[in-house]
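**Student:** There's a structure below that I have some questions on.
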Amino acid sequence: MPRKLQHRLAALCVALSSLGMAGVADARNIQERNFKFAFVNQKEHPQGMGAQRFAEIVEKKSGGKMKVKLFASGVLGGDAAVISSLQGGTVDLTMAIPGLLSGMAKEFSLFDLPFLFNNEKEADVVLDGPVGRKLLDKLPEKGLIGLTYFEHGFRNVTNSRRPVARMEDLQGLRLRVMQIPVMIDAFGALGANPSPLPLPEVYTALEQRAVDGQENPYSLVEASKYYEVQKYGSDTRHAFNPVVLLFSKKVWDRLSEDERMILRDAARETQPFQRAANRDVNARAAEFLKSKGMVLTEFSAQERERLRDKLKPVTDKYVRQIDPALTQELFSELGKVRGVAR
């Protein structure tokens, strides 16, 4: 074969190869997209940090075509309002604790049972396993897509009236609680006066003494500056909150499979980062709060057991409302990670 022809054929092969690669890239069905991601915590909170990382990954994986704009600190409304906006398709993404979804699928109330998890490892096993997946699978029929589980962490009580070192110290305290039935019932059973409020309203309620205290992980107490209006904290660790990363199904149904894959992959890649950030911030938050003048009281393991025993009727009430097979599967998974035969 003449050398000149060889060169021409080689050049043609390179050109065809380049066209083929371009064709593969162009075949990805990705359009210009702008998503609204609304959540009630601050950008500086570990949930905000997770949202920012998610947005960065989505933009990178889409070649800059898909952008996620963050609306932090409840500027688009409280949790319930934003979830409704997702169902209506006017907001695309949010993060919500499972209890806020229990009105749609009662099984989600399982994850808000008092003292369900002893540590983060137990939570990870259940959330990332079959039980966690089965709950996410219940969301599409409610107008939502569950992408993954982030976390909020173990909740602790703070207040402006007195130290809380014993169960009896909760008596009569007006405490802001999450707007979910199990937490309202739990603190009512402990003798407190539970006041369900959207998170964006909590600081003002504490400042004006409409409520004496609230219950949240110390990371949120730090990020929301509750230390300015709360004197006392107690590491009750009475509940562990996962956070569901939610997407609007109405919007999801309009996306291509390539676009959906980018969102799924971004959620999966963000999850370990967000959880690690949350655990790191919570580990350091107690010392920060002390530096701001809060008095933090140790809540002993014995007192936690007293709370657990006192709340057993509340736990039993909500367990009875849920499919026995699912609760058995959950407790079986917990038994395995704890090394307990069931």
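Note on naming: chains are A, B, ... as they come in the structure tokens, residues start from 1 per chain, ligands start from 1 in the order shown.
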Among segment 139-169 of chain A, which residues does DSSP mark as helix (DSSP H, G or I) when it is run on the backbone? Keep the chain and numbering as in the structure and answer as a VMD selection string.

**Tutor:** chain A and resid 140 to 142 167 to 169

**Student:** What's around Arg279 of chain A at 12 Å? Count only C-alpha atoms, leave out sequence neighbours fewer than 5 positions away in its own chain, and write the answer as a count of residues only.

**Tutor:** 19

**Student:** Show which residues sit within 9 Å of Glu56 of chain A, as a ChimeraX atom specification. Count only C-alpha atoms, and ignore same-chain residues fewer than 4 positions away.

**Tutor:** /A:51-52,60-61,67-68,266

**Student:** Would you mind telling me which residue in A:Leu245, A:Ala38, A:Ala301, A:Leu190 lies nearest to Thr90 of chain A when using only C-alpha atoms?

**Tutor:**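 Between A:Leu245, A:Ala38, A:Ala301, A:Leu190, the residue approaching Thr90 of chain A most closely is A:Ala38.
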
**Student:** What's the 6 Å shell around Leu93 of chain A, counting only C-alpha atoms, without same-chain residues fewer than 4 positions away, as a list in words?

**Tutor:**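 Contacts, with the query itself left out: Phe37, Leu246 and Phe247 of chain A.
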
**Student:** Might you pull out every residue within 12 Å of Ala210 of chain A, with only C-alpha atoms counted and same-chain residues fewer than 2 positions away left off, and present them as JSON, numbers by chain?

**Tutor:** {"A": [159, 160, 173, 174, 175, 176, 193, 194, 195, 196, 197, 201, 202, 203, 204, 205, 206, 207, 208, 212, 213, 214, 229]}

**Student:** Considering only C-alpha atoms, can you say which of A:Asp323, A:Pro242, A:Gln230, A:Met178 comes closest to Arg275 of chain A?

**Tutor:** A:Pro242

**Student:** Excluding segment 102-111 of chain A and any residue of its chain fewer than 4 positions from it, enumerate the residues within 7 Å of it, using only C-alpha atoms, and give them as a list in words.

**Tutor:**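 Those residues are Pro98, Leu135, Lys138, Lys142 and Ile322 of chain A.
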
**Student:** Can you write just those residues out, N, CA and C atoms, as a compact mmCIF listing (two decimals), in the first residue's frame?

**Tutor:**
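In the end it all went to again_32.txt:
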```txt
# COMPACT_ATOMS: atom_id res chain seq x y z
N PRO A 98 -37.17 11.56 58.88
CA PRO A 98 -38.21 10.60 58.50
C PRO A 98 -39.58 10.87 59.12
N LEU A 135 -38.32 1.65 52.79
CA LEU A 135 -39.02 2.89 53.13
C LEU A 135 -38.92 3.92 52.00
N LYS A 138 -41.41 3.61 49.21
CA LYS A 138 -42.80 4.01 49.45
C LYS A 138 -43.07 5.46 49.03
N LYS A 142 -46.16 9.01 46.72
CA LYS A 142 -46.52 10.21 47.48
C LYS A 142 -45.96 11.48 46.81
N ILE A 322 -47.34 -0.29 62.69
CA ILE A 322 -46.50 -0.56 61.53
C ILE A 322 -46.49 -2.05 61.23
```

**Student:** Interatomic distance between atom CA of Ala189 of chain A and atom CA of Lys310 of chain A?

**Tutor:**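 Interatomic distance here is 7.5 Å.
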
**Student:** Please, what distance in Å, to one decimal, runs between atom CA of Asp92 of chain A and atom CA of Arg254 of chain A?

**Tutor:**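 Those two atoms sit 11.8 Å apart.
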
**Student:** What are the DSSP strand (DSSP E or B) residues of segment 193-338 of chain A, as an MDAnalysis selection string?

**Tutor:** chainID A and resid 193:196 213:216 232:234 240:248 295:297

**Student:** Residues within 12 Å of Pro130 of chain A, please, as an NGL selection string. Count only C-alpha atoms; anything in the same chain fewer than 2 positions from it doesn't count.

**Tutor:** :A and (124-128 or 132-137 or 326-327 or 329-330 or 332-333)

**Student:** Store the residues picked out above, limited to N, CA and C atoms, as a PDB file, in the first residue's frame.

**Tutor:**
```pdb
ATOM      1  N   ASP A 124     -26.335   3.338  60.462  1.00  0.00           N
ATOM      2  CA  ASP A 124     -25.841   3.125  59.099  1.00  0.00           C
ATOM      3  C   ASP A 124     -26.277   1.769  58.557  1.00  0.00           C
ATOM      4  N   VAL A 125     -26.161   0.725  59.392  1.00  0.00           N
ATOM      5  CA  VAL A 125     -26.512  -0.621  58.949  1.00  0.00           C
ATOM      6  C   VAL A 125     -27.978  -0.691  58.531  1.00  0.00           C
ATOM      7  N   VAL A 126     -28.857  -0.114  59.325  1.00  0.00           N
ATOM      8  CA  VAL A 126     -30.293  -0.178  59.030  1.00  0.00           C
ATOM      9  C   VAL A 126     -30.659   0.714  57.844  1.00  0.00           C
ATOM     10  N   LEU A 127     -30.160   1.938  57.839  1.00  0.00           N
ATOM     11  CA  LEU A 127     -30.527   2.880  56.783  1.00  0.00           C
ATOM     12  C   LEU A 127     -30.021   2.436  55.420  1.00  0.00           C
ATOM     13  N   ASP A 128     -28.808   1.887  55.377  1.00  0.00           N
ATOM     14  CA  ASP A 128     -28.212   1.501  54.103  1.00  0.00           C
ATOM     15  C   ASP A 128     -28.571   0.073  53.698  1.00  0.00           C
ATOM     16  N   GLY A 132     -34.063   0.385  55.107  1.00  0.00           N
ATOM     17  CA  GLY A 132     -33.979   1.755  54.608  1.00  0.00           C
ATOM     18  C   GLY A 132     -34.465   1.864  53.183  1.00  0.00           C
ATOM     19  N   ARG A 133     -34.092   0.894  52.340  1.00  0.00           N
ATOM     20  CA  ARG A 133     -34.495   0.910  50.938  1.00  0.00           C
ATOM     21  C   ARG A 133     -36.010   0.739  50.804  1.00  0.00           C
ATOM     22  N   LYS A 134     -36.597  -0.152  51.587  1.00  0.00           N
ATOM     23  CA  LYS A 134     -38.040  -0.387  51.507  1.00  0.00           C
ATOM     24  C   LYS A 134     -38.827   0.880  51.849  1.00  0.00           C
ATOM     25  N   LEU A 135     -38.324   1.652  52.790  1.00  0.00           N
ATOM     26  CA  LEU A 135     -39.021   2.894  53.127  1.00  0.00           C
ATOM     27  C   LEU A 135     -38.917   3.916  52.002  1.00  0.00           C
ATOM     28  N   LEU A 136     -37.738   4.045  51.408  1.00  0.00           N
ATOM     29  CA  LEU A 136     -37.594   4.974  50.282  1.00  0.00           C
ATOM     30  C   LEU A 136     -38.510   4.577  49.128  1.00  0.00           C
ATOM     31  N   ASP A 137     -38.717   3.283  48.942  1.00  0.00           N
ATOM     32  CA  ASP A 137     -39.562   2.802  47.847  1.00  0.00           C
ATOM     33  C   ASP A 137     -41.027   3.170  48.026  1.00  0.00           C
ATOM     34  N   LEU A 326     -41.936  -5.698  58.922  1.00  0.00           N
ATOM     35  CA  LEU A 326     -40.916  -4.666  58.753  1.00  0.00           C
ATOM     36  C   LEU A 326     -40.225  -4.360  60.076  1.00  0.00           C
ATOM     37  N   THR A 327     -41.001  -4.248  61.147  1.00  0.00           N
ATOM     38  CA  THR A 327     -40.381  -3.979  62.447  1.00  0.00           C
ATOM     39  C   THR A 327     -39.500  -5.154  62.877  1.00  0.00           C
ATOM     40  N   GLU A 329     -37.890  -7.116  60.873  1.00  0.00           N
ATOM     41  CA  GLU A 329     -36.679  -7.032  60.053  1.00  0.00           C
ATOM     42  C   GLU A 329     -35.728  -5.977  60.600  1.00  0.00           C
ATOM     43  N   LEU A 330     -36.287  -4.832  61.015  1.00  0.00           N
ATOM     44  CA  LEU A 330     -35.454  -3.773  61.578  1.00  0.00           C
ATOM     45  C   LEU A 330     -34.746  -4.246  62.842  1.00  0.00           C
ATOM     46  N   SER A 332     -34.207  -7.232  63.801  1.00  0.00           N
ATOM     47  CA  SER A 332     -33.292  -8.317  63.475  1.00  0.00           C
ATOM     48  C   SER A 332     -31.959  -7.754  62.996  1.00  0.00           C
ATOM     49  N   GLU A 333     -32.008  -6.716  62.156  1.00  0.00           N
ATOM     50  CA  GLU A 333     -30.779  -6.070  61.697  1.00  0.00           C
ATOM     51  C   GLU A 333     -30.010  -5.462  62.869  1.00  0.00           C
TER      52      GLU A 333
END
```

**Student:** Find the residue from A:Ala223, A:Leu334, A:Ile262, A:Ile97 that sits nearest to Ala239 of chain A; use only C-alpha atoms when measuring.

**Tutor:**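 Among the listed residues, the smallest separation from Ala239 of chain A belongs to A:Ile97.
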
**Student:** Which is closest to Ser248 of chain A among A:Gly143, A:Gly335, A:Gly78, A:Gly63, if we use only C-alpha atoms?

**Tutor:**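 Using only C-alpha atoms, Ser248 of chain A sits closest to A:Gly143.
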